[in-house]
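Inspection log for the structure reproduced underneath, given as structure tokens.
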There are 2 protein chains.
Amino acid sequence: MLKIKPQNPKGVRDYLPAENAKREYIMGIIRKHFELYGFQSIYNPVFERLETLQGKYGDEGDKLLFKILNSGEYLDEKGLEIIENKPIQYGKLTQEISSKGLRYDHTVPLARFVAQHQNDLTFPFKRYVIGPVWRADRPQKGRYQEFFQCDADIVGSKGLVGDVEMITLIDNVFSELNLKIEIKINNRKIYNGICESIGIEEGEITPVSTILDKWDKIGEEKVVEELSKLIGEEKTSKLIAILSIKNVSELSAIENVELNEGIRELEYIFKYSRSQNLKFDLRLLRGLDYYTGTVLEMVSTEMEYGSIGGGGRYDDLTELFGLRDMSGIGISFGLDRVYDVMTELNRFPSEENKKKILILNLTERAIDQYYSLLTEIRKAGKVVDLYPNQTKMDKQLTYADKAGYTHAILMGEDELANKQVQIKNLKERKQESVEFEKAVFKI
Amino acid sequence: MLKIKPQNPKGVRDYLPAENAKREYIMGIIRKHFELYGFQSIYNPVFERLETLQGKYGDEGDKLLFKILNSGEYLDEKGLEIIENKPIQYGKLTQEISSKGLRYDHTVPLARFVAQHQNDLTFPFKRYVIGPVWRADRPQKGRYQEFFQCDADIVGSKGLVGDVEMITLIDNVFSELNLKIEIKINNRKIYNGICESIGIEEGEITPVSTILDKWDKIGEEKVVEELSKLIGEEKTSKLIAILSIKNVSELSAIENVELNEGIRELEYIFKYSRSQNLKFDLRLLRGLDYYTGTVLEMVSTEMEYGSIGGGGRYDDLTELFGLRDMSGIGISFGLDRVYDVMTELNRFPSEENKKKILILNLTERAIDQYYSLLTEIRKAGKVVDLYPNQTKMDKQLTYADKAGYTHAILMGEDELANKQVQIKNLKERKQESVEFEKAVFKI
């Protein structure tokens with residue numbers, strides 16, 4: 001028989017029980033707070049029409065979309081047809097044979113969803129989604145093509161209450177995860193106002209922000225060099241000087257309506273969130289075009305890692321889908337990145353106290369008793385198993401240890417005769433005899 | 001600006017909050033029982049190497065696999081290269097441009113997973129997975145290309161304890177879901193024994209079972225006709241006569257080792273599961289080649305719907321991946337099918353008792369109080385929101401009703417002055433004044 005090598009496609013990986021339990025621990029805490037804040041869970045299919053996805057993430061993003069073949073033999077027939085009608089154009093083939101792709105994030109699907117179901121939703125609409133997204137990045141150690149994002153968005157509201165709520169939500173999540181973080185925060189209006197005040201033209205604002213976003217990567221010197229080419233040395237040195245301001249109040253000296261609006265928003269958020277973790281960072285821009293107000297990023301203060309989540313306010317999320325004036329704010333936790341930090345800092349709670357019981361399968365004559373114990377212990381809400389075969393006790397106990405059981409229940413011929421069971425605590429290596437009738441209560 | 005029509009790809013759909021909450025209710029109950037039975041959650045990526053998937057589901061299944069393009073420009077360059085090296089062969093193009101596909105079920109990924117990680121797993125290995133699978137069926141009303149399956153498998157154990165456990169697990173799940181069901185059960189050994197006893201050759205057993213599987217669809221007459229062509233009239237009439245037996249004890253008259261082994265297994269399962277829902281069904285075969293013992297299917301006894309889940313025992317799950325003798329048993333609940341039945345029979349619990357509170361945003365001067373209420377109420381574990389804008393009270397109350405809030409907290413200028421809040425029960429249309437300090441306690 002032909003043997004197939006058991007392996008994942010390059011770039012993605014499995015999660016085994018111990019790892020997956022930790023991932024679910026993080027997701028559980030995030031979900032809990034999302035729900036306490038009134039966000040509701042929705043479900044979007046993993047794939048979208050390519051039309052929905054393309055052109056939203058820049059040229060680089062388009063290349064990273066996983067495209068799905070139009071199904072069945074269609075490809076071959078259609079492919080042949082295209083081939084027969086040479087000359088072939090680059091891109092043409094892909095277009096003809098693929099019309100959908102795996103989602104790249106949760107935001108574009110949300111925009112599509114809101115526009116599509118606008119008549120069935122109540123605005124402000126607060127939704128959360130926890131699930132995988134896919135990017136066809138070159139596979140490399142520690143970076144995967146499939147990763148989980150945990151997103152919450154408030155759509156259809158301009159109020160700053162949303163901004164404040166997002167900050168306290170982030171604080172609550174990381175506080176329960178026992179991770180110390182900093183929330184870097186800025187406001188696009190401040191940045192736009194600064195640009196305006198020093199005469200950077202509107203069309204240059206986005207290219208300038210693209211260069212500034214690379215600050216941490218390429219360093220100040222390179223940034224200055226690239227900026228000078230784009231907007232000249234004078235504006236560059238003015239801009240760099242302003243961007244080194246650490247204090248909001250110093251900015252107020254610049255007279256500009258939009259900038260002052262941005263400062264007002266920032267001050268409101270600092271005041272009402274009462275967050276100890278907020279840190280104003282004038283250099284934080286977050287490249288995405290669609291942000292128009294608050295932008296934020298979450299970073300660990302306990303280890304160097306880069307951002308473990310981010311978000312911001314947008315004015316026209318759904319405009320591309322024909323629905324205007326849908327302001328909102330969204331945040332996203334990177335599950336895999338939070339997981340990495342938690343693992344590195346050893347912040348997962350120990351599993352020790354989770355009781356998991358194995359009933360040893362020692363004699364056919366006690367099989368009735370084993371099954372009643374199973375039923376009764378589960379009714380009491382505890383996790384319990386019966387070893388599936390009657391093998392040697394040693395083998396069963398070894399299995400119990402390896403598989404993470406905390407307790408074993410032993411009922412062999414002697415115990416059966418005495419209407420007793422032995423309850424063995426596998427962690428503390430202690431054992432006690434208990435009347436059969438009281439076993440459920442004792443365990 | 002170019003407008004994009006907001007719509008899902010054909011064949012898949014979104015779930016809005018109300019629907020999704022019901023889906024999560026079902027998944028929550030299934031998950032709870034999976035865990036009580038000691039199954040552990042793992043995660044497999046949504047796509048597998050095509051080599052892993054192809055040839056496992058028959059020719060029809062292969063056509064229904066969603067294939068993913070090798071990413072980026074690769075397609076176009078490679079596509080061109082293939083084109084230039086004419087003549088083109090059917091199938092060749094697909095092979096060259098796609099090397100992975102979306103999973104078709106959870107079983108083949110499990111087999112791949114177990115073989116791949118065999119050294120990191122403890123056997124018997126009990127895992128569960130709840131998640132979507134994809135099949136490129138022709139889209140039609142009520143049938144989707146993306147649907148959820150909830151699978152539990154015990155791998156690496158021949159013991160019948162597993163069979164019994166699966167039956168009681170199914171009973172527990174549907175009992176908590178408040179659905180009456182029947183578990184149709186049969187054993188492949190009985191079927192094989194019957195075939196052997198009437199002289200059907202080994203090579204004919206699978207084609208015969210494929211015909212028998214269509215019994216409900218095409219009727220007895222057609223089945224007899226097709227069988228006669230394959231194995232002759234005499235064997236056909238013998239087979240049909242035996243298959244009309246409803247009682248296990250009648251079967252025992254047939255002397256055949258394998259058949260008797262099957263009967264013994266079936267009797268063990270009936271005896272120890274103590275299930276009231278088990279129904280022996282000699283015609284149930286479940287086409288899949290890999291079943292070797294128990295086969296089962298879950299159907300509603302309250303409405304006509306077809307199967308809402310199924311499963312069975314297999315001897316060599318992972319053989320194809322080079323790991324032999326991995327016996328096991330698996331069951332799968334079809335989430336979307338269970339959802340349909342629950343909806344039709346109106347079995348979802350009412351949401352009435354889930355408290356969801358909206359703090360009305362009535363005056364800027366009380367904003368401090370609003371934020372403290374938010375914090376305190378959430379600390380008490382309750383779901384609460386602050387209306388994001390200061391609009392008219394009527395508008396906010398209308399929103400509260402539409403968005404499903406059960407209570408509103410009102411604190412306008414008067415209440416602020418008196419250090420009070422009004423708590424409005426939106427379902428019962430009652431309102432009471434409460435001291436501000438006691439609001440959290442009262443709500």
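How things are named: the first chain in the structure tokens is A, the next is B, and so on; residues count from 1 in each chain; ligands count from 1 in the order shown.
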
For Arg429 of chain A, list every protein, DNA or RNA residue within 12 Å, evaluated using only C-alpha atoms, and leave out those in the same chain fewer than 5 positions away; present the list as a list in words.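 Near Arg429 of chain A, the qualifying residues are Leu397, Asp401, Thr406, His407, Ala408, Ile423 and Lys424 of chain A.
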
Residues near Glu344 of chain B, anyone? I mean within 12 Å using only C-alpha atoms, not counting same-chain ones fewer than 4 positions away, as a PyMOL selection string. chain B and resi 179+300+302-305+337-340+348

6 Å contact set for Gly193 of chain B, only C-alpha atoms, chain neighbours under 6 positions out, as JSON, numbers by chain: {"B": [256, 258, 259]}

Non-local contacts of segment 43-52 of chain A (7 Å; only C-alpha atoms; under 2 positions in same chain excluded) as a list in words: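 In the requested format, the answer is Ser41, Gln54, Ser99, Lys100, Gly101, Leu102, Arg103 and Val129 of chain A; Ile4, Asn8, Pro9, Val12, Arg13, Asp14, Tyr15, Leu16 and Asn20 of chain B.
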
Between atom CA of Leu266 of chain A and atom CA of Glu364 of chain B, what is the distance in Å, rounded to a tenth? 17.1 Å

Which residues, written as a ChimeraX atom specification, have at least one atom at most 12 Å from Ser372 of chain A, with only C-alpha atoms counted and residues fewer than 6 positions away on the same chain left out? /A:359,366,378-379,384-386,436-437,439-440 /B:165,168,272-274

I need the residues from that last selection saved to file as a compact mmCIF listing (two decimals), in the first residue's frame (with N, CA and C atoms), if you can.
```txt
# COMPACT_ATOMS: atom_id res chain seq x y z
N ILE A 359 -10.57 5.45 36.23
CA ILE A 359 -10.97 4.20 36.88
C ILE A 359 -10.18 3.07 36.24
N ALA A 366 -16.15 -6.63 37.99
CA ALA A 366 -16.52 -5.33 38.57
C ALA A 366 -17.00 -4.34 37.50
N ARG A 378 -19.42 11.64 36.68
CA ARG A 378 -19.70 12.68 35.66
C ARG A 378 -20.90 13.52 36.04
N LYS A 379 -21.91 12.88 36.65
CA LYS A 379 -23.07 13.66 37.10
C LYS A 379 -22.63 14.72 38.09
N VAL A 384 -13.86 12.07 34.17
CA VAL A 384 -13.49 10.70 34.55
C VAL A 384 -13.49 9.79 33.32
N ASP A 385 -12.62 8.78 33.37
CA ASP A 385 -12.48 7.81 32.30
C ASP A 385 -12.36 6.42 32.89
N LEU A 386 -12.74 5.43 32.09
CA LEU A 386 -12.46 4.05 32.46
C LEU A 386 -11.38 3.55 31.51
N PHE A 436 -17.57 1.68 48.66
CA PHE A 436 -18.00 1.90 47.28
C PHE A 436 -19.08 2.98 47.20
N GLU A 437 -20.04 2.91 48.10
CA GLU A 437 -21.16 3.85 48.06
C GLU A 437 -20.72 5.30 48.27
N ALA A 439 -17.73 6.52 47.32
CA ALA A 439 -16.60 6.86 46.44
C ALA A 439 -16.83 8.19 45.71
N VAL A 440 -18.02 8.36 45.17
CA VAL A 440 -18.32 9.58 44.41
C VAL A 440 -18.18 10.81 45.30
N GLU B 165 -18.95 3.96 25.96
CA GLU B 165 -18.79 5.36 26.33
C GLU B 165 -19.38 6.29 25.26
N THR B 168 -23.21 6.39 25.67
CA THR B 168 -23.72 7.17 26.81
C THR B 168 -23.41 8.65 26.60
N TYR B 272 -24.17 -2.70 28.76
CA TYR B 272 -23.49 -1.77 29.67
C TYR B 272 -23.81 -0.31 29.41
N SER B 273 -24.27 0.03 28.23
CA SER B 273 -24.64 1.44 28.02
C SER B 273 -25.96 1.74 28.70
N ARG B 274 -26.77 0.69 28.92
CA ARG B 274 -28.11 0.87 29.48
C ARG B 274 -28.90 1.95 28.75
```

Mind pulling up the distance from atom CA of Arg31 of chain B to atom CA of Gly404 of chain A? 19.2 Å
